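The structure appears right after this line, and notes come after that.
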Amino acid sequence: MPLNRRKFLKKSAVTGAGVALAGAVGAPAAQAVEARKGHRPVKRYALTVMGTTDLHGHVFNWDYFKDAEYADAAGNAQGLARISTLVNAIRKEKGRANTLLLDAGDTIQGTPLTYYYAKVDPITAKGGPVHPMAQAMNAIGYDAVALGNHEFNYGIETLRKFESQCDFPLLGANALDAKTLKPAFPPYFMKTFRVHGAPPVKVAVLGLTNPGIAIWDKAYVQGKLTFPGLEEQAAKWVPKLRSMGADVVVVSAHSGASGTSSYGDQVPYVENSAALVAQQVPGIDAILVGHAHLEIPELRVTNAASGKTVVLSEPLAFAERMSVFDFQLVFERGCWRVESVAASVRNTNAVADDPRITRLLKDEHDVVVAYVNQVVGSATETLTTVEARYKDAPIIDLITKVQEDVVRAALVGTQYASLPVIAQASPFSRTSEIPAGDVTIRDLSSLYVYDNTLVAKVLTGAQVRAYLEYSANYFVRTPAGAVVDTEKLTNANNRPDYNYDYVSGLRYDIDIAQAEGSRIKNLTYGGAPLDDAQRFVFAVNNYRANGGGAFPFVASAPEVWSESTEIRTRIAEWVTAKGSLDPAEFASVDWKLTREGTPVF
């Protein structure tokens, strides 16, 4: 019987109810396999759970930033159209009635396709379109999807509209109403699999999302939703699911397996806690892992309380891989028991697009291709991010210049108008290029791939110095005289490129021969040594402003202005207004790498 979305959403908002569905109507019943154990027949059942994660709006194997088929050095392919082909093959092999299809979140943000239907032709508009990700995932037949942190990037209204368009529940046992502390989304999904000649098998899927949402999308969720730890909520819900008769418990977790957090101690919950959930909470059979954008075909974790093995798997992001969990169950002493679980990943580069999905979303895809290829200006020379990690690149100066200009204009007539404005920006991409000649929206989108918005904070000179020191920890300590390998120079302690910041409006050296905390040298403002008491307006993206990356002082600094327009859009507006993109108008060498006073490059 199909789920009545309106009744269900109303019920779940009030009670935090989960979802319980029977097996597909009219589906062929699964056959219990009987084997002989002495003189007693043993009934067995095989269940297959398929899982994706971090799809980030990838429906097709298409790179909107390059206006071409996606290609990388590893030969990967992307997109739900490929996933659909893999799913069809497994359903044919195993029998659709013996399979589940799950996702672990980060669905509606990440490509110009998702941006377009959130902002340009928004799904929230009266009579607006159905989100392409909802169309594709409905057509493929997903059973349940866990909420990712990026689901909240466009605000709760957009997320709720997307939810209403899905034929499957969005799960979040640890996404609670801030006032009632009851689940704001369904915590779980339960499905009954009929087995010929034996009692049915009940499978529960518990959805868990990331506590970092409280930081990363603070503007949207503060006072409305709260996000406690995964371990805590799993410990609450797993026993309930077992008491409800679940023979199998699978967790879909938008949380990596490393046990680490990018936000320091700002939130008292672990960001990447999937393995901790497996270790600490008894009663879980398998976990579909997400968020970290890593490929983990199979990770076996022993539960500390029960001694049982929990199998984890994380497929690569962007629909490049799909995890497959194969469960073997045996019926003993009047109940089903999970005898074994094995996990593996399937590669989408081994199959072709499902033409059914291609046909379904061709119109939406074509509209977005036309949108991103709009010319908004021209560039006097080619700008690239190839060396932006270790050299002050003009293309990053473009971002800081736009942010400075927007914030200065916003503060005119306020008490902060007299303060100097400085700005941060990160080298998000290593391959972004704005070519000489015509500049399109896709060129600018490839430079700023995230849907960040702009915030203005007030920092002192001393705080800016500490901020720069923290940023400089991105570089691997390299003694004077040692050979410099640019491939090994950055990402110290596994820090990603997006957590390294330029700061404009200042001059400084980064001495990579020095220990962390002692690398910023010759820091000046206006040609004079930086005054620790000087106050600055700091133009910063909302991710960083809310504490993303755990940079010091910025999250707690006074906020004097913010907006909801994406920085990417501001860059396009700036270029459109100028008509010409000339580095002479925005580029300057503000920082360089040194070793004991000698420039590295």
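If you're wondering about the labels, chains in the structure tokens are A, B, ... by order shown, residues count from 1 in each chain, ligands from 1 in order shown.
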Open item on the list: With only C-alpha atoms as the counted atoms, please give the residues lying no more than 10 Å from A:Leu360, apart from itself and same-chain residues fewer than 2 positions off, as a PyMOL selection string.
Closed with: chain A and resi 132+135-136+139+355-358+362-365
Open item on the list: Could you go through stretch 302-386 of chain A and tell me which residues DSSP, when run on the backbone, assigns to helix (DSSP H, G or I), listing them as a list of chain:residue names?
Closed with: A:Thr348, A:Asn349, A:Ala350, A:Pro355, A:Arg356, A:Ile357, A:Thr358, A:Arg359, A:Leu360, A:Leu361, A:Lys362, A:Asp363, A:Glu364, A:His365, A:Asp366, A:Val367, A:Val368, A:Val369, A:Ala370, A:Tyr371, A:Val372
- [ ] Any chance you could list, as an MDAnalysis selection string, the residues in stretch 222-345 of chain A that come up strand (DSSP E) when DSSP is run on the backbone?
- [x] chainID A and resid 225:226 248:253 286:289 296:302 309:314 321:332 335:345
Open item on the list: as JSON, numbers by chain, please: the residues near A:Ala423 (cut-off 7 Å, only C-alpha atoms, same-chain neighbours under 3 positions excluded).
Closed with: {"A": [400, 403, 404, 503, 504, 538, 539, 540]}
Write the residues of the selection above to a file with C-alpha atoms, as an mmCIF file, in the first residue's frame.
data_model
loop_
_atom_site.group_PDB
_atom_site.id
_atom_site.type_symbol
_atom_site.label_atom_id
_atom_site.label_comp_id
_atom_site.auth_asym_id
_atom_site.auth_seq_id
_atom_site.Cartn_x
_atom_site.Cartn_y
_atom_site.Cartn_z
ATOM 1 C CA THR A 400 38.512 38.228 -1.843
ATOM 2 C CA GLN A 403 33.838 39.861 -0.884
ATOM 3 C CA GLU A 404 35.558 43.084 0.200
ATOM 4 C CA VAL A 503 43.575 36.695 3.913
ATOM 5 C CA SER A 504 43.544 39.791 1.729
ATOM 6 C CA PHE A 538 36.475 40.316 8.213
ATOM 7 C CA ALA A 539 34.532 39.208 5.103
ATOM 8 C CA VAL A 540 34.189 35.452 5.533
#
Proximity of stretch 154-220 of chain A to stretch 558-575 of chain A: per-residue shortest pair, 12 Å limit, only C-alpha atoms, as JSON lines:
{"residue": "A:Tyr154", "atom": "CA", "partner": "A:Ser564", "partner_atom": "CA", "distance": 9.2}
{"residue": "A:Gly155", "atom": "CA", "partner": "A:Ser564", "partner_atom": "CA", "distance": 10.0}
{"residue": "A:Asp217", "atom": "CA", "partner": "A:Ser564", "partner_atom": "CA", "distance": 11.6}
{"residue": "A:Ala219", "atom": "CA", "partner": "A:Ser564", "partner_atom": "CA", "distance": 9.4}
{"residue": "A:Tyr220", "atom": "CA", "partner": "A:Ser564", "partner_atom": "CA", "distance": 10.3}
Could you write out the selected residues, including N, CA and C atoms, as a PDB file, in the first residue's frame?
ATOM      1  N   TYR A 154      20.154  25.000   1.677  1.00  0.00           N
ATOM      2  CA  TYR A 154      19.229  25.948   1.070  1.00  0.00           C
ATOM      3  C   TYR A 154      18.077  26.320   2.002  1.00  0.00           C
ATOM      4  N   GLY A 155      18.177  25.908   3.248  1.00  0.00           N
ATOM      5  CA  GLY A 155      17.144  26.217   4.218  1.00  0.00           C
ATOM      6  C   GLY A 155      16.143  25.095   4.390  1.00  0.00           C
ATOM      7  N   ASP A 217      25.317  25.066   9.157  1.00  0.00           N
ATOM      8  CA  ASP A 217      24.108  25.758   8.703  1.00  0.00           C
ATOM      9  C   ASP A 217      23.366  26.387   9.883  1.00  0.00           C
ATOM     10  N   ALA A 219      22.679  29.409  10.555  1.00  0.00           N
ATOM     11  CA  ALA A 219      21.696  30.444  10.215  1.00  0.00           C
ATOM     12  C   ALA A 219      20.315  29.864   9.954  1.00  0.00           C
ATOM     13  N   TYR A 220      20.260  28.642   9.445  1.00  0.00           N
ATOM     14  CA  TYR A 220      18.979  28.026   9.119  1.00  0.00           C
ATOM     15  C   TYR A 220      18.393  27.217  10.280  1.00  0.00           C
TER      16      TYR A 220
END
Which residues of stretch 217-268 of chain A come within 9 Å of stretch 279-285 of chain A, and what is each one's closest atom pair and distance in Å (one decimal), counting only C-alpha atoms, sorted by chain and residue number, as a Markdown table?
| residue | atom | partner | partner_atom | distance |
| --- | --- | --- | --- | --- |
| A:Glu231 | CA | A:Val281 | CA | 7.0 |
| A:Glu232 | CA | A:Val281 | CA | 8.8 |
| A:Ala234 | CA | A:Val281 | CA | 6.7 |
| A:Ala235 | CA | A:Val281 | CA | 5.5 |
| A:Val238 | CA | A:Gly283 | CA | 6.4 |
| A:Pro239 | CA | A:Gly283 | CA | 7.2 |
| A:Arg242 | CA | A:Gly283 | CA | 7.6 |
| A:Val248 | CA | A:Asp285 | CA | 6.5 |
| A:Val249 | CA | A:Ile284 | CA | 5.2 |
| A:Val250 | CA | A:Asp285 | CA | 5.9 |
| A:Val251 | CA | A:Ile284 | CA | 7.2 |
TODO: Counting only C-alpha atoms, figure out which residue out of A:Arg160, A:Lys457, A:Arg519, A:His56 gets nearest to A:Asn542.
DONE: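 Of all the options, A:Lys457 lies closest to A:Asn542.
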How close does stretch 57-156 of chain A get to stretch 314-317 of chain A? List, as a Markdown table, each residue of stretch 57-156 of chain A within 12 Å, its nearest atom pair and the distance in Å to one decimal, counting only C-alpha atoms.
| residue | atom | partner | partner_atom | distance |
| --- | --- | --- | --- | --- |
| A:Gly57 | CA | A:Ala317 | CA | 10.6 |
| A:His58 | CA | A:Ala317 | CA | 9.4 |
| A:Asn76 | CA | A:Leu316 | CA | 10.0 |
| A:Ala77 | CA | A:Ala317 | CA | 10.7 |
| A:Gln78 | CA | A:Ala317 | CA | 8.6 |
| A:Gly79 | CA | A:Ala317 | CA | 9.7 |
| A:Leu80 | CA | A:Ala317 | CA | 11.2 |
| A:Ile83 | CA | A:Pro315 | CA | 11.5 |
| A:Leu102 | CA | A:Pro315 | CA | 11.7 |
| A:Asp103 | CA | A:Pro315 | CA | 10.0 |
| A:Ala104 | CA | A:Glu314 | CA | 9.1 |
| A:Gly105 | CA | A:Ala317 | CA | 10.2 |
| A:Asp106 | CA | A:Ala317 | CA | 9.5 |
| A:Thr107 | CA | A:Ala317 | CA | 10.5 |
| A:Gly110 | CA | A:Ala317 | CA | 11.0 |
TODO: Quick one: everything within 9 Å of stretch 321-327 of chain A, counting only C-alpha atoms, minus sequence neighbours fewer than 6 positions away in the same chain. Send it as a ChimeraX atom specification.
DONE: /A:45-53,76-78,83,86-87,286,288,295-298,311-315,338-349
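Between A:Thr598 and the candidates A:Glu93, A:Gly505, A:Ile512, A:Arg442, the tightest atom-to-atom separation, counting only C-alpha atoms, involves A:Ile512.
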Task: A:Ile396 environment, 10 Å, only C-alpha atoms, sequence neighbours closer than 4 positions dropped, as a list in words - done: Leu383, Thr384, Thr385, Ala388, Arg389, Asp392, Thr400, Lys401, Gln424, Ala425, Ser426, Pro427, Phe428, Leu447, Tyr448, Asp501, Tyr502, Ser504, Phe586 and Ala587 of chain A
- [ ] Find the residues around A:Ala144 up to 10 Å (only C-alpha atoms counted), leave out those fewer than 4 positions away in its own chain, and share them as an MDAnalysis selection string.
- [x] chainID A and resid 19 51 100:104 137 166:171 188:190 205:207 252
Write the residues of the selection above to a file with C-alpha atoms, as a short mmCIF file (atom, residue, chain, number, x, y, z; two decimals), in the first residue's frame.
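Ended up saving to out-v5.cif:
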data_model
loop_
_atom_site.label_atom_id
_atom_site.label_comp_id
_atom_site.auth_asym_id
_atom_site.auth_seq_id
_atom_site.Cartn_x
_atom_site.Cartn_y
_atom_site.Cartn_z
CA VAL A 19 8.09 4.41 8.67
CA GLY A 51 23.72 1.78 -0.77
CA LEU A 100 16.73 -2.76 -0.25
CA LEU A 101 18.15 0.44 -1.73
CA LEU A 102 19.44 3.11 0.65
CA ASP A 103 21.42 6.34 0.59
CA ALA A 104 23.43 8.03 3.35
CA MET A 137 15.62 8.52 -6.99
CA CYS A 166 10.17 11.97 -2.57
CA ASP A 167 8.46 8.59 -2.58
CA PHE A 168 10.81 7.50 0.21
CA PRO A 169 11.41 8.86 3.72
CA LEU A 170 14.31 11.15 4.69
CA LEU A 171 15.61 9.71 7.95
CA TYR A 188 13.69 4.85 11.01
CA PHE A 189 12.18 2.84 8.17
CA MET A 190 11.01 -0.73 8.56
CA VAL A 205 16.89 1.06 8.79
CA LEU A 206 17.95 3.73 11.28
CA GLY A 207 18.95 7.07 9.76
CA SER A 252 22.45 4.66 7.26
#
Task: stretch 369-372 of chain A environment, 9 Å, only C-alpha atoms, sequence neighbours closer than 6 positions dropped, as JSON, numbers by chain - done: {"A": [64, 65, 67, 112, 113, 116, 440, 441, 442, 443, 445]}
Task: Nearest residue to A:Val376 from the set A:Ala409, A:Val439, A:Val277, A:Ala304 (distances using only C-alpha atoms) - done: A:Val439
- [ ] Using atom CA of A:Asn138 and atom CA of A:Ala173 as the two end points, give the distance in Å to one decimal.
- [x]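 Distance reported for this atom pair: 22.2 Å.
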